[in-house]
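Undergrad: File coords_29.pdb below, PDB, C-alpha atoms:
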```
ATOM      1  CA  MET P 121     -38.848  -6.865 -16.126
ATOM      2  CA  SER P 122     -42.060  -7.360 -18.132
ATOM      3  CA  ASP P 123     -43.028 -10.338 -15.951
ATOM      4  CA  VAL P 124     -42.659  -8.243 -12.802
ATOM      5  CA  ALA P 125     -44.717  -5.455 -14.387
ATOM      6  CA  GLU P 126     -47.489  -7.889 -15.331
ATOM      7  CA  VAL P 127     -47.684  -9.409 -11.846
ATOM      8  CA  MET P 128     -47.679  -5.980 -10.196
ATOM      9  CA  GLY P 129     -50.160  -4.513 -12.663
ATOM     10  CA  VAL P 130     -47.872  -1.635 -13.610
ATOM     11  CA  SER P 131     -45.919  -0.623 -16.703
ATOM     12  CA  THR P 132     -42.375  -1.767 -17.446
ATOM     13  CA  THR P 133     -41.342   1.890 -17.162
ATOM     14  CA  THR P 134     -42.586   1.941 -13.579
ATOM     15  CA  VAL P 135     -40.559  -1.183 -12.773
ATOM     16  CA  SER P 136     -37.497   0.331 -14.429
ATOM     17  CA  ASN P 137     -37.940   3.518 -12.402
ATOM     18  CA  ALA P 138     -38.072   1.482  -9.204
ATOM     19  CA  PHE P 139     -34.457   0.449  -9.893
ATOM     20  CA  SER P 140     -32.946   3.462 -11.622
ATOM     21  CA  ARG P 141     -35.182   6.490 -10.843
ATOM     22  CA  PRO P 142     -36.679   5.950  -7.380
ATOM     23  CA  ASP P 143     -37.697   9.598  -7.083
ATOM     24  CA  GLN P 144     -40.399   8.954  -9.718
ATOM     25  CA  LEU P 145     -42.304   6.553  -7.434
ATOM     26  CA  SER P 146     -43.754   6.656  -3.972
ATOM     27  CA  PRO P 147     -41.591   4.836  -1.403
ATOM     28  CA  GLU P 148     -44.382   2.332  -0.756
ATOM     29  CA  LEU P 149     -44.824   1.400  -4.427
ATOM     30  CA  ARG P 150     -41.074   1.135  -4.987
ATOM     31  CA  ASP P 151     -40.650  -1.165  -1.987
ATOM     32  CA  ARG P 152     -43.476  -3.431  -3.192
ATOM     33  CA  ILE P 153     -41.979  -3.643  -6.699
ATOM     34  CA  LEU P 154     -38.484  -4.416  -5.397
ATOM     35  CA  MET P 155     -39.769  -7.088  -3.029
ATOM     36  CA  ARG P 156     -41.822  -8.764  -5.755
ATOM     37  CA  ALA P 157     -38.913  -8.571  -8.217
ATOM     38  CA  ALA P 158     -36.569 -10.200  -5.694
ATOM     39  CA  LYS P 159     -39.034 -13.036  -5.121
ATOM     40  CA  MET P 160     -39.158 -13.575  -8.876
ATOM     41  CA  GLY P 161     -35.324 -13.584  -9.117
ATOM     42  CA  TYR P 162     -35.063 -10.257 -10.892
ATOM     43  CA  TYR P 163     -32.561  -7.751  -9.483
ATOM     44  CA  GLY P 164     -32.615  -4.964 -12.031
ATOM     45  CA  PRO P 165     -31.508  -4.176 -15.589
ATOM     46  CA  HIS P 166     -28.201  -5.592 -16.838
ATOM     47  CA  VAL P 167     -25.285  -3.298 -16.022
ATOM     48  CA  ALA P 168     -24.086  -3.058 -19.633
ATOM     49  CA  GLY P 169     -27.613  -2.271 -20.760
ATOM     50  CA  ARG P 170     -27.947   0.545 -18.235
ATOM     51  CA  VAL P 171     -24.606   1.976 -19.330
ATOM     52  CA  LEU P 172     -25.602   1.940 -22.986
ATOM     53  CA  LYS P 173     -28.926   3.562 -22.212
ATOM     54  CA  ARG P 174     -27.607   6.466 -20.155
ATOM     55  CA  GLY P 175     -24.355   6.865 -22.123
ATOM     56  CA  HIS P 176     -21.937   6.675 -19.195
ATOM     57  CA  ALA P 177     -20.752   4.125 -16.645
ATOM     58  CA  ASN P 178     -20.221   6.428 -13.637
ATOM     59  CA  ALA P 179     -16.960   4.544 -13.121
ATOM     60  CA  TYR P 180     -13.319   5.530 -13.629
ATOM     61  CA  GLY P 181     -10.316   3.296 -14.221
ATOM     62  CA  VAL P 182      -6.858   3.496 -12.705
ATOM     63  CA  VAL P 183      -4.196   1.782 -14.806
ATOM     64  CA  PHE P 184      -1.147   0.053 -13.341
ATOM     65  CA  MET P 185       1.656  -1.461 -15.415
ATOM     66  CA  ASP P 186       2.457  -4.113 -12.824
ATOM     67  CA  THR P 187       0.168  -6.609 -11.114
ATOM     68  CA  LEU P 188      -2.514  -5.355  -8.765
ATOM     69  CA  SER P 189      -0.895  -7.259  -5.909
ATOM     70  CA  SER P 190       2.310  -5.292  -6.529
ATOM     71  CA  ALA P 191       0.326  -2.065  -6.497
ATOM     72  CA  PHE P 192      -1.142  -2.963  -3.106
ATOM     73  CA  ASP P 193       2.410  -3.500  -1.808
ATOM     74  CA  ASP P 194       3.430   0.001  -2.908
ATOM     75  CA  PRO P 195       2.740   2.629  -0.204
ATOM     76  CA  PHE P 196       2.859   5.481  -2.732
ATOM     77  CA  LYS P 197       0.183   3.898  -4.929
ATOM     78  CA  LEU P 198      -1.979   3.157  -1.878
ATOM     79  CA  GLN P 199      -1.835   6.789  -0.768
ATOM     80  CA  TRP P 200      -2.536   7.923  -4.345
ATOM     81  CA  LEU P 201      -5.541   5.577  -4.553
ATOM     82  CA  ALA P 202      -6.855   6.838  -1.228
ATOM     83  CA  GLY P 203      -6.961  10.385  -2.558
ATOM     84  CA  PHE P 204      -8.470   9.285  -5.869
ATOM     85  CA  SER P 205     -11.192   7.131  -4.305
ATOM     86  CA  ASP P 206     -12.120   9.830  -1.772
ATOM     87  CA  GLU P 207     -13.040  12.163  -4.634
ATOM     88  CA  LEU P 208     -15.060   9.472  -6.425
ATOM     89  CA  ARG P 209     -16.952   8.649  -3.238
ATOM     90  CA  LEU P 210     -18.171  12.246  -2.985
ATOM     91  CA  THR P 211     -19.913  11.892  -6.362
ATOM     92  CA  GLY P 212     -21.056   8.283  -6.027
ATOM     93  CA  ALA P 213     -18.753   7.142  -8.832
ATOM     94  CA  SER P 214     -17.036   3.734  -8.817
ATOM     95  CA  LEU P 215     -13.349   2.842  -9.052
ATOM     96  CA  VAL P 216     -12.067   0.216 -11.497
ATOM     97  CA  LEU P 217      -8.506  -1.061 -11.015
ATOM     98  CA  MET P 218      -6.808  -2.138 -14.256
ATOM     99  CA  ALA P 219      -3.510  -4.029 -14.490
ATOM    100  CA  VAL P 220      -2.434  -3.487 -18.103
ATOM    101  CA  ALA P 221       0.913  -4.458 -19.591
ATOM    102  CA  PRO P 222       2.542  -1.576 -21.504
ATOM    103  CA  ASP P 223       1.856  -2.907 -24.994
ATOM    104  CA  LEU P 224      -0.726  -2.223 -27.690
ATOM    105  CA  GLN P 225      -2.495  -5.584 -27.557
ATOM    106  CA  ALA P 226      -3.038  -5.523 -23.791
ATOM    107  CA  SER P 227      -4.183  -1.901 -23.931
ATOM    108  CA  ALA P 228      -6.712  -2.575 -26.685
ATOM    109  CA  GLN P 229      -8.096  -5.599 -24.839
ATOM    110  CA  ALA P 230      -8.418  -3.646 -21.582
ATOM    111  CA  LEU P 231     -10.425  -0.889 -23.265
ATOM    112  CA  ARG P 232     -12.700  -3.422 -24.971
ATOM    113  CA  ASN P 233     -13.434  -5.264 -21.742
ATOM    114  CA  THR P 234     -13.843  -2.360 -19.317
ATOM    115  CA  LEU P 235     -16.749   0.074 -19.000
ATOM    116  CA  VAL P 236     -15.330   3.367 -17.687
ATOM    117  CA  ASP P 237     -15.876   7.066 -18.308
ATOM    118  CA  GLY P 238     -12.186   7.928 -18.105
ATOM    119  CA  ILE P 239      -8.842   6.603 -16.933
ATOM    120  CA  ALA P 240      -5.944   7.748 -14.796
ATOM    121  CA  VAL P 241      -2.519   6.230 -15.432
ATOM    122  CA  THR P 242      -0.082   6.109 -12.540
ATOM    123  CA  TRP P 243       2.890   6.459 -14.923
ATOM    124  CA  ALA P 244       3.679   9.290 -17.320
ATOM    125  CA  THR P 245       3.367   7.166 -20.447
ATOM    126  CA  HIS P 246       1.426   4.054 -21.443
ATOM    127  CA  PRO P 247       0.011   2.898 -24.832
ATOM    128  CA  ILE P 248      -3.498   2.846 -23.371
ATOM    129  CA  MET P 249      -3.437   6.634 -23.035
ATOM    130  CA  SER P 250      -3.456   7.448 -26.758
ATOM    131  CA  MET P 251      -5.938   4.638 -27.426
ATOM    132  CA  ALA P 252      -8.350   5.941 -24.796
ATOM    133  CA  ARG P 253      -8.090   9.501 -26.109
ATOM    134  CA  SER P 254      -8.835   8.278 -29.652
ATOM    135  CA  GLN P 255     -12.076   6.786 -28.289
ATOM    136  CA  GLY P 256     -13.042  10.057 -26.637
ATOM    137  CA  LEU P 257     -12.201   9.005 -23.089
ATOM    138  CA  PRO P 258     -10.592  11.606 -20.807
ATOM    139  CA  VAL P 259      -7.145  10.597 -19.571
ATOM    140  CA  VAL P 260      -5.030  11.874 -16.688
ATOM    141  CA  ALA P 261      -1.341  10.934 -16.669
ATOM    142  CA  GLY P 262       0.858  10.508 -13.612
ATOM    143  CA  GLY P 263       3.705  12.474 -15.167
ATOM    144  CA  PRO P 264       4.297  15.466 -17.474
ATOM    145  CA  HIS P 265       2.923  13.869 -20.627
ATOM    146  CA  GLY P 266      -0.079  14.804 -22.742
ATOM    147  CA  PRO P 267      -2.737  17.479 -22.298
ATOM    148  CA  CYS P 268      -3.752  16.467 -18.773
ATOM    149  CA  TYR P 269      -1.536  15.285 -15.907
ATOM    150  CA  VAL P 270      -0.779  15.552 -12.206
ATOM    151  CA  THR P 271       2.740  15.267 -10.819
ATOM    152  CA  ILE P 272       5.524  17.154  -9.061
ATOM    153  CA  ASP P 273       8.692  18.578 -10.597
ATOM    154  CA  GLU P 274      10.610  15.336 -10.142
ATOM    155  CA  ARG P 275      13.806  16.612 -11.724
ATOM    156  CA  SER P 276      13.916  19.574  -9.354
ATOM    157  CA  ALA P 277      13.135  17.280  -6.419
ATOM    158  CA  GLY P 278      15.906  14.888  -7.413
ATOM    159  CA  ARG P 279      18.323  17.792  -7.773
ATOM    160  CA  GLN P 280      17.396  18.979  -4.274
ATOM    161  CA  MET P 281      18.146  15.537  -2.837
ATOM    162  CA  GLY P 282      21.454  15.380  -4.706
ATOM    163  CA  ASP P 283      22.371  18.830  -3.394
ATOM    164  CA  HIS P 284      21.634  17.646   0.137
ATOM    165  CA  LEU P 285      23.977  14.644  -0.135
ATOM    166  CA  ARG P 286      26.715  16.660  -1.827
ATOM    167  CA  ALA P 287      26.524  19.402   0.812
ATOM    168  CA  GLN P 288      27.149  16.746   3.462
ATOM    169  CA  GLY P 289      30.450  15.893   1.846
ATOM    170  CA  ARG P 290      29.390  12.388   0.897
ATOM    171  CA  GLY P 291      32.013  10.745  -1.288
ATOM    172  CA  GLN P 292      30.916   7.781  -3.362
ATOM    173  CA  VAL P 293      27.156   7.839  -3.936
ATOM    174  CA  CYS P 294      25.182   5.088  -5.647
ATOM    175  CA  ILE P 295      21.703   5.802  -7.022
ATOM    176  CA  VAL P 296      19.340   2.833  -6.700
ATOM    177  CA  THR P 297      16.540   2.367  -9.247
ATOM    178  CA  GLY P 298      14.404  -0.447 -10.642
ATOM    179  CA  PRO P 299      13.882  -2.099 -14.032
ATOM    180  CA  VAL P 300      12.568   0.003 -16.909
ATOM    181  CA  ALA P 301       9.515  -2.035 -17.971
ATOM    182  CA  HIS P 302      10.017  -5.687 -17.096
ATOM    183  CA  PRO P 303      11.990  -7.455 -14.338
ATOM    184  CA  VAL P 304      15.639  -8.235 -15.112
ATOM    185  CA  SER P 305      17.574 -11.332 -14.121
ATOM    186  CA  ALA P 306      20.243  -9.798 -11.886
ATOM    187  CA  PRO P 307      21.107  -6.411 -10.356
ATOM    188  CA  THR P 308      23.582  -4.309 -12.328
ATOM    189  CA  ILE P 309      26.085  -1.629 -11.294
ATOM    190  CA  SER P 310      27.124   0.943 -13.886
ATOM    191  CA  THR P 311      28.255   4.523 -14.340
ATOM    192  CA  TRP P 312      25.666   7.133 -15.270
ATOM    193  CA  ASP P 313      27.123   7.411 -18.773
ATOM    194  CA  GLN P 314      26.840   3.644 -19.258
ATOM    195  CA  TYR P 315      23.303   3.641 -17.908
ATOM    196  CA  VAL P 316      22.180   6.444 -20.235
ATOM    197  CA  THR P 317      23.701   4.602 -23.196
ATOM    198  CA  ASP P 318      22.013   1.288 -22.340
ATOM    199  CA  GLN P 319      18.544   2.578 -21.382
ATOM    200  CA  GLU P 320      15.758   4.429 -23.119
ATOM    201  CA  PRO P 321      14.268   7.343 -21.141
ATOM    202  CA  HIS P 322      11.730   5.851 -18.740
ATOM    203  CA  GLU P 323       9.483   6.630 -15.795
ATOM    204  CA  PRO P 324      11.931   7.689 -13.033
ATOM    205  CA  TRP P 325      14.233   9.343 -15.592
ATOM    206  CA  SER P 326      13.542  12.836 -14.265
ATOM    207  CA  ARG P 327      14.308  11.748 -10.697
ATOM    208  CA  LEU P 328      17.539  10.106 -11.823
ATOM    209  CA  THR P 329      18.611  13.076 -13.901
ATOM    210  CA  GLY P 330      17.912  15.473 -11.057
ATOM    211  CA  LEU P 331      19.893  13.377  -8.580
ATOM    212  CA  VAL P 332      22.882  13.247 -10.931
ATOM    213  CA  GLU P 333      22.687  17.012 -11.501
ATOM    214  CA  GLY P 334      22.581  17.656  -7.766
ATOM    215  CA  LEU P 335      25.613  15.410  -7.272
ATOM    216  CA  GLU P 336      27.440  16.844 -10.288
ATOM    217  CA  ALA P 337      30.325  18.330  -8.332
ATOM    218  CA  ALA P 338      30.696  15.229  -6.163
ATOM    219  CA  THR P 339      33.842  13.136  -6.460
ATOM    220  CA  PRO P 340      33.843  10.370  -7.531
ATOM    221  CA  THR P 341      30.881  10.553  -9.911
ATOM    222  CA  PRO P 342      27.760   8.680  -8.765
ATOM    223  CA  MET P 343      27.106   5.081  -9.812
ATOM    224  CA  ILE P 344      23.758   3.496 -10.733
ATOM    225  CA  ALA P 345      22.491   0.254  -9.188
ATOM    226  CA  GLN P 346      19.503  -1.245 -11.013
ATOM    227  CA  ALA P 347      17.435  -3.716  -8.985
ATOM    228  CA  THR P 348      15.685  -6.654 -10.634
ATOM    229  CA  HIS P 349      12.238  -5.551  -9.380
ATOM    230  CA  TRP P 350      10.652  -2.515  -7.729
ATOM    231  CA  THR P 351      10.533  -4.315  -4.399
ATOM    232  CA  ARG P 352      12.157  -4.103  -0.992
ATOM    233  CA  SER P 353      13.956  -7.447  -1.327
ATOM    234  CA  ALA P 354      15.248  -6.653  -4.827
ATOM    235  CA  ALA P 355      16.573  -3.304  -3.590
ATOM    236  CA  ALA P 356      18.358  -5.074  -0.738
ATOM    237  CA  ALA P 357      20.054  -7.352  -3.266
ATOM    238  CA  ALA P 358      21.063  -4.383  -5.443
ATOM    239  CA  ALA P 359      22.430  -2.512  -2.417
ATOM    240  CA  THR P 360      24.421  -5.584  -1.362
ATOM    241  CA  ALA P 361      25.928  -5.771  -4.864
ATOM    242  CA  ALA P 362      26.814  -2.074  -4.753
ATOM    243  CA  LEU P 363      28.375  -2.318  -1.299
ATOM    244  CA  GLY P 364      30.408  -5.288  -2.467
ATOM    245  CA  CYS P 365      31.976  -3.568  -5.453
ATOM    246  CA  LEU P 366      32.148  -0.007  -4.091
ATOM    247  CA  PRO P 367      34.075  -0.229  -0.797
ATOM    248  CA  GLN P 368      34.138   3.564  -0.365
ATOM    249  CA  LEU P 369      30.374   3.898  -0.716
ATOM    250  CA  THR P 370      28.935   6.518   1.659
ATOM    251  CA  ALA P 371      25.360   7.021   0.384
ATOM    252  CA  LEU P 372      22.556   5.115  -1.359
ATOM    253  CA  ALA P 373      20.136   7.534  -3.046
ATOM    254  CA  CYS P 374      16.944   5.700  -4.030
ATOM    255  CA  VAL P 375      14.245   6.783  -6.473
ATOM    256  CA  GLY P 376      11.530   5.371  -4.189
ATOM    257  CA  ASP P 377      10.963   4.873  -0.470
ATOM    258  CA  GLN P 378      10.342   1.144  -0.850
ATOM    259  CA  LEU P 379      13.757   0.753  -2.474
ATOM    260  CA  ALA P 380      15.320   2.780   0.325
ATOM    261  CA  VAL P 381      13.859   0.483   2.983
ATOM    262  CA  GLY P 382      15.454  -2.465   1.171
ATOM    263  CA  CYS P 383      18.816  -0.679   1.187
ATOM    264  CA  CYS P 384      18.476  -0.172   4.945
ATOM    265  CA  ASP P 385      17.859  -3.920   5.281
ATOM    266  CA  ALA P 386      21.083  -4.628   3.370
ATOM    267  CA  LEU P 387      23.151  -2.299   5.549
ATOM    268  CA  ARG P 388      21.825  -3.736   8.795
ATOM    269  CA  SER P 389      22.476  -7.281   7.607
ATOM    270  CA  ARG P 390      26.132  -6.250   7.197
ATOM    271  CA  GLY P 391      26.286  -4.711  10.659
ATOM    272  CA  GLN P 392      26.452  -1.159   9.317
ATOM    273  CA  THR P 393      24.573   1.814  10.746
ATOM    274  CA  VAL P 394      22.139   3.639   8.479
ATOM    275  CA  GLY P 395      22.941   7.352   8.386
ATOM    276  CA  GLU P 396      26.336   7.097  10.027
ATOM    277  CA  ASP P 397      28.209   4.472   8.004
ATOM    278  CA  VAL P 398      26.123   4.920   4.851
ATOM    279  CA  ALA P 399      23.353   7.438   4.245
ATOM    280  CA  VAL P 400      20.114   6.234   2.639
ATOM    281  CA  THR P 401      17.539   8.510   1.026
ATOM    282  CA  GLY P 402      14.173   7.751  -0.507
ATOM    283  CA  PHE P 403      11.634   9.482  -2.702
ATOM    284  CA  ASP P 404       7.815   9.797  -2.422
ATOM    285  CA  GLY P 405       7.198  10.608   1.246
ATOM    286  CA  THR P 406       5.248   7.452   2.107
ATOM    287  CA  ILE P 407       4.449   5.884   5.449
ATOM    288  CA  ASP P 408       7.512   3.677   4.905
ATOM    289  CA  ALA P 409       9.718   6.772   5.097
ATOM    290  CA  GLN P 410       8.197   7.768   8.420
ATOM    291  CA  GLU P 411       8.465   4.305   9.944
ATOM    292  CA  HIS P 412      12.113   3.861   8.898
ATOM    293  CA  ASP P 413      13.280   7.416   9.665
ATOM    294  CA  LEU P 414      14.123   8.022   5.997
ATOM    295  CA  THR P 415      15.157  11.289   4.453
ATOM    296  CA  THR P 416      12.849  11.584   1.460
ATOM    297  CA  ILE P 417      10.984  13.812  -0.971
ATOM    298  CA  ASP P 418       7.352  14.351  -0.029
ATOM    299  CA  ALA P 419       5.638  13.939  -3.417
ATOM    300  CA  ARG P 420       2.136  14.518  -1.963
ATOM    301  CA  ALA P 421       0.814  11.181  -3.194
ATOM    302  CA  ARG P 422      -2.674  11.552  -1.741
ATOM    303  CA  GLU P 423      -3.058  15.035  -3.202
ATOM    304  CA  GLN P 424      -1.908  13.771  -6.595
ATOM    305  CA  GLY P 425      -4.589  11.072  -6.564
ATOM    306  CA  SER P 426      -7.244  13.524  -5.418
ATOM    307  CA  ARG P 427      -6.368  16.012  -8.135
ATOM    308  CA  ALA P 428      -6.349  13.305 -10.819
ATOM    309  CA  ALA P 429      -9.904  12.313  -9.879
ATOM    310  CA  GLN P 430     -11.044  15.939  -9.872
ATOM    311  CA  LEU P 431      -9.690  16.404 -13.394
ATOM    312  CA  LEU P 432     -11.550  13.310 -14.627
ATOM    313  CA  LEU P 433     -14.803  14.292 -12.942
ATOM    314  CA  ASP P 434     -14.741  17.915 -14.109
ATOM    315  CA  PRO P 435     -13.619  18.470 -17.724
ATOM    316  CA  ASP P 436     -13.697  22.246 -17.159
ATOM    317  CA  LEU P 437     -11.389  22.239 -14.139
ATOM    318  CA  GLN P 438      -8.195  24.239 -14.679
ATOM    319  CA  PRO P 439      -5.281  23.932 -14.899
ATOM    320  CA  ARG P 440      -5.338  20.602 -16.754
ATOM    321  CA  GLN P 441      -1.585  20.208 -16.265
ATOM    322  CA  ALA P 442      -1.121  20.255 -12.497
ATOM    323  CA  LEU P 443       2.390  20.515 -11.086
ATOM    324  CA  LEU P 444       2.168  20.198  -7.306
ATOM    325  CA  GLY P 445       4.858  21.377  -4.919
ATOM    326  CA  HIS P 446       7.251  18.972  -3.184
ATOM    327  CA  ARG P 447       9.262  19.073   0.029
ATOM    328  CA  LEU P 448      12.609  17.669   1.163
ATOM    329  CA  VAL P 449      12.051  15.871   4.473
ATOM    330  CA  LEU P 450      15.265  15.428   6.474
ATOM    331  CA  ARG P 451      15.481  12.487   8.869
ATOM    332  CA  GLY P 452      18.056  10.297  10.548
ATOM    333  CA  SER P 453      18.904   8.119   7.547
ATOM    334  CA  SER P 454      21.114  10.905   6.173
ATOM    335  CA  SER P 455      22.536  12.344   9.363
ATOM    336  CA  VAL P 456      25.633  14.541   9.064
ATOM    337  CA  LEU P 457      28.690  12.619   7.948
ATOM    338  CA  LYS P 458      31.207  12.242  10.772
TER
END
```
Here is a file; write its structure as structure tokens.
TA:
Amino acid sequence: MSDVAEVMGVSTTTVSNAFSRPDQLSPELRDRILMRAAKMGYYGPHVAGRVLKRGHANAYGVVFMDTLSSAFDDPFKLQWLAGFSDELRLTGASLVLMAVAPDLQASAQALRNTLVDGIAVTWATHPIMSMARSQGLPVVAGGPHGPCYVTIDERSAGRQMGDHLRAQGRGQVCIVTGPVAHPVSAPTISTWDQYVTDQEPHEPWSRLTGLVEGLEAATPTPMIAQATHWTRSAAAAAATAALGCLPQLTALACVGDQLAVGCCDALRSRGQTVGEDVAVTGFDGTIDAQEHDLTTIDARAREQGSRAAQLLLDPDLQPRQALLGHRLVLRGSSSVLK
């Protein structure tokens, strides 16, 4: 910077203003400084230095527990990110995507290596949340956890879906979910009581609990199929396992639309008709649900992302614990049982 200032015959402050405070210079002088700096191979102050000087990064992180490639395959997360990034764009802030394993070491490393003014976590809980708060960073959770979050009443939504299936007179229902934190080796089929005994409460727990409550009066009691991954192909494998050991199965209730699409794949591969032979329901209200005619819960993903960004950008915005409404969307995948 000093070399550019010397060649141009101006102060280093003037050169700095050309990059960071253009309103302090005439357009002609700024253009001449920038052109000379470019010819000399100088393109402005170091990013970290600028952040330290002004005390903020004007960037916000979004934390995923899985890989970023998996996040891009998830229609719910894409809709959520669209809403989040739209709000940042209005203020000129940047988006930082962070894939952070749910452990203390990975969380600490991510915070050391990333310059952000706040983070949003797409799950309700993650070790990085308490660490970030201890460093004075604002945090928005994707579930009812902590002082600031955005979500829907997932238990109520699950109960509404369970009520819908029970009111249809569906007999044997199997609820399809994914692994708790890390992929598992093979899909498992268990009763709800067995599942509760074997698992710690985890992210879709409220959805699962609501579904079971909605199906409470159903006979026989619902079963739980746990897929090896939160993917379409893994859900298809879990559905195939459930169909193989539950011959009277009449409905597959999934805790996510992507899982529901996989269940539809499994039924069609067996020559069965979705909605007539076996009902399939999803959860989230993504584009997948529209394209595959899925009954689902509209969780307002884009609005959740938008609200999360608003809460990070405005520390005075109220309420800090936002519970958005949801809607049961009825489609052909759960047509009336004949």
Undergrad: Name the residues that the PyMOL selection byres ((chain P and resi 354) around 12) picks from the file above, as a VMD selection string, using the file's chain letters and numbers.
TA: chain P and resid 296 to 299 303 to 308 345 to 353 355 to 361 378 to 383 385 to 386
Undergrad: Write out the residues from the selection above, keeping C-alpha atoms, as an mmCIF file, keeping the file's coordinate frame.
TA:
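Dumped to result.cif:
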```
data_model
loop_
_atom_site.group_PDB
_atom_site.id
_atom_site.type_symbol
_atom_site.label_atom_id
_atom_site.label_comp_id
_atom_site.auth_asym_id
_atom_site.auth_seq_id
_atom_site.Cartn_x
_atom_site.Cartn_y
_atom_site.Cartn_z
ATOM 1 C CA VAL P 296 19.340 2.833 -6.700
ATOM 2 C CA THR P 297 16.540 2.367 -9.247
ATOM 3 C CA GLY P 298 14.404 -0.447 -10.642
ATOM 4 C CA PRO P 299 13.882 -2.099 -14.032
ATOM 5 C CA PRO P 303 11.990 -7.455 -14.338
ATOM 6 C CA VAL P 304 15.639 -8.235 -15.112
ATOM 7 C CA SER P 305 17.574 -11.332 -14.121
ATOM 8 C CA ALA P 306 20.243 -9.798 -11.886
ATOM 9 C CA PRO P 307 21.107 -6.411 -10.356
ATOM 10 C CA THR P 308 23.582 -4.309 -12.328
ATOM 11 C CA ALA P 345 22.491 0.254 -9.188
ATOM 12 C CA GLN P 346 19.503 -1.245 -11.013
ATOM 13 C CA ALA P 347 17.435 -3.716 -8.985
ATOM 14 C CA THR P 348 15.685 -6.654 -10.634
ATOM 15 C CA HIS P 349 12.238 -5.551 -9.380
ATOM 16 C CA TRP P 350 10.652 -2.515 -7.729
ATOM 17 C CA THR P 351 10.533 -4.315 -4.399
ATOM 18 C CA ARG P 352 12.157 -4.103 -0.992
ATOM 19 C CA SER P 353 13.956 -7.447 -1.327
ATOM 20 C CA ALA P 355 16.573 -3.304 -3.590
ATOM 21 C CA ALA P 356 18.358 -5.074 -0.738
ATOM 22 C CA ALA P 357 20.054 -7.352 -3.266
ATOM 23 C CA ALA P 358 21.063 -4.383 -5.443
ATOM 24 C CA ALA P 359 22.430 -2.512 -2.417
ATOM 25 C CA THR P 360 24.421 -5.584 -1.362
ATOM 26 C CA ALA P 361 25.928 -5.771 -4.864
ATOM 27 C CA GLN P 378 10.342 1.144 -0.850
ATOM 28 C CA LEU P 379 13.757 0.753 -2.474
ATOM 29 C CA ALA P 380 15.320 2.780 0.325
ATOM 30 C CA VAL P 381 13.859 0.483 2.983
ATOM 31 C CA GLY P 382 15.454 -2.465 1.171
ATOM 32 C CA CYS P 383 18.816 -0.679 1.187
ATOM 33 C CA ASP P 385 17.859 -3.920 5.281
ATOM 34 C CA ALA P 386 21.083 -4.628 3.370
#
```
Undergrad: Which of these, P:Pro435, P:Pro324, P:Asp186, P:Asp194, has the shortest distance to Ala244 in chain P once you count only C-alpha atoms?
TA: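 For Ala244 in chain P, the nearest of the given residues is P:Pro324.
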Undergrad: Could you list, as JSON, numbers by chain, every residue within 9 Å of Leu188 in chain P, counting all atoms listed in the file and ignoring same-chain residues fewer than 5 positions away?
TA: {"P": [193, 217, 218, 219]}
Undergrad: Under the rule that all atoms listed in the file are counted, which of P:Thr370, P:Thr317, P:Ser131, P:Ser453 is the nearest residue to Pro340 in chain P?
TA: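 Looking at the shortest contact to Pro340 in chain P, the residue is P:Thr370.
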Undergrad: Find the residues around Gly334 in chain P up to 10 Å (all atoms listed in the file counted), leave out those fewer than 4 positions away in its own chain, and share them as a short mmCIF file (atom, residue, chain, number, x, y, z; two decimals) with C-alpha atoms, in the frame of the given file.
TA:
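Output file out25.cif is given in full below:
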```cif
data_model
loop_
_atom_site.label_atom_id
_atom_site.label_comp_id
_atom_site.auth_asym_id
_atom_site.auth_seq_id
_atom_site.Cartn_x
_atom_site.Cartn_y
_atom_site.Cartn_z
CA ARG P 275 13.81 16.61 -11.72
CA SER P 276 13.92 19.57 -9.35
CA ALA P 277 13.14 17.28 -6.42
CA GLY P 278 15.91 14.89 -7.41
CA ARG P 279 18.32 17.79 -7.77
CA GLN P 280 17.40 18.98 -4.27
CA MET P 281 18.15 15.54 -2.84
CA GLY P 282 21.45 15.38 -4.71
CA ASP P 283 22.37 18.83 -3.39
CA HIS P 284 21.63 17.65 0.14
CA LEU P 285 23.98 14.64 -0.14
CA ARG P 286 26.72 16.66 -1.83
CA ALA P 287 26.52 19.40 0.81
CA LEU P 328 17.54 10.11 -11.82
CA THR P 329 18.61 13.08 -13.90
CA GLY P 330 17.91 15.47 -11.06
CA ALA P 338 30.70 15.23 -6.16
#
```
Undergrad: So, with all atoms listed in the file as the atoms that count, which of P:Val400, P:Met155, P:Ala138, P:Met249 lies closest to Leu450 in chain P?
TA: P:Val400
Undergrad: Expand the PyMOL selection byres ((chain P and resi 442) around 12) into the explicit residue set it covers here, and present it as a count of residues only.
TA: 30
Undergrad: Would you kindly translate the PyMOL selection byres ((chain P and resi 366) around 10) into the concrete residues it picks from this file, as a PDB file with C-alpha atoms, in the frame of the given file?
TA:
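The result, written out as out_9.pdb:
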```
ATOM      1  CA  GLN P 292      30.916   7.781  -3.362  1.00  0.00           C
ATOM      2  CA  VAL P 293      27.156   7.839  -3.936  1.00  0.00           C
ATOM      3  CA  CYS P 294      25.182   5.088  -5.647  1.00  0.00           C
ATOM      4  CA  ILE P 309      26.085  -1.629 -11.294  1.00  0.00           C
ATOM      5  CA  MET P 343      27.106   5.081  -9.812  1.00  0.00           C
ATOM      6  CA  THR P 360      24.421  -5.584  -1.362  1.00  0.00           C
ATOM      7  CA  ALA P 361      25.928  -5.771  -4.864  1.00  0.00           C
ATOM      8  CA  ALA P 362      26.814  -2.074  -4.753  1.00  0.00           C
ATOM      9  CA  LEU P 363      28.375  -2.318  -1.299  1.00  0.00           C
ATOM     10  CA  GLY P 364      30.408  -5.288  -2.467  1.00  0.00           C
ATOM     11  CA  CYS P 365      31.976  -3.568  -5.453  1.00  0.00           C
ATOM     12  CA  PRO P 367      34.075  -0.229  -0.797  1.00  0.00           C
ATOM     13  CA  GLN P 368      34.138   3.564  -0.365  1.00  0.00           C
ATOM     14  CA  LEU P 369      30.374   3.898  -0.716  1.00  0.00           C
ATOM     15  CA  THR P 370      28.935   6.518   1.659  1.00  0.00           C
TER      16      THR P 370
END
```
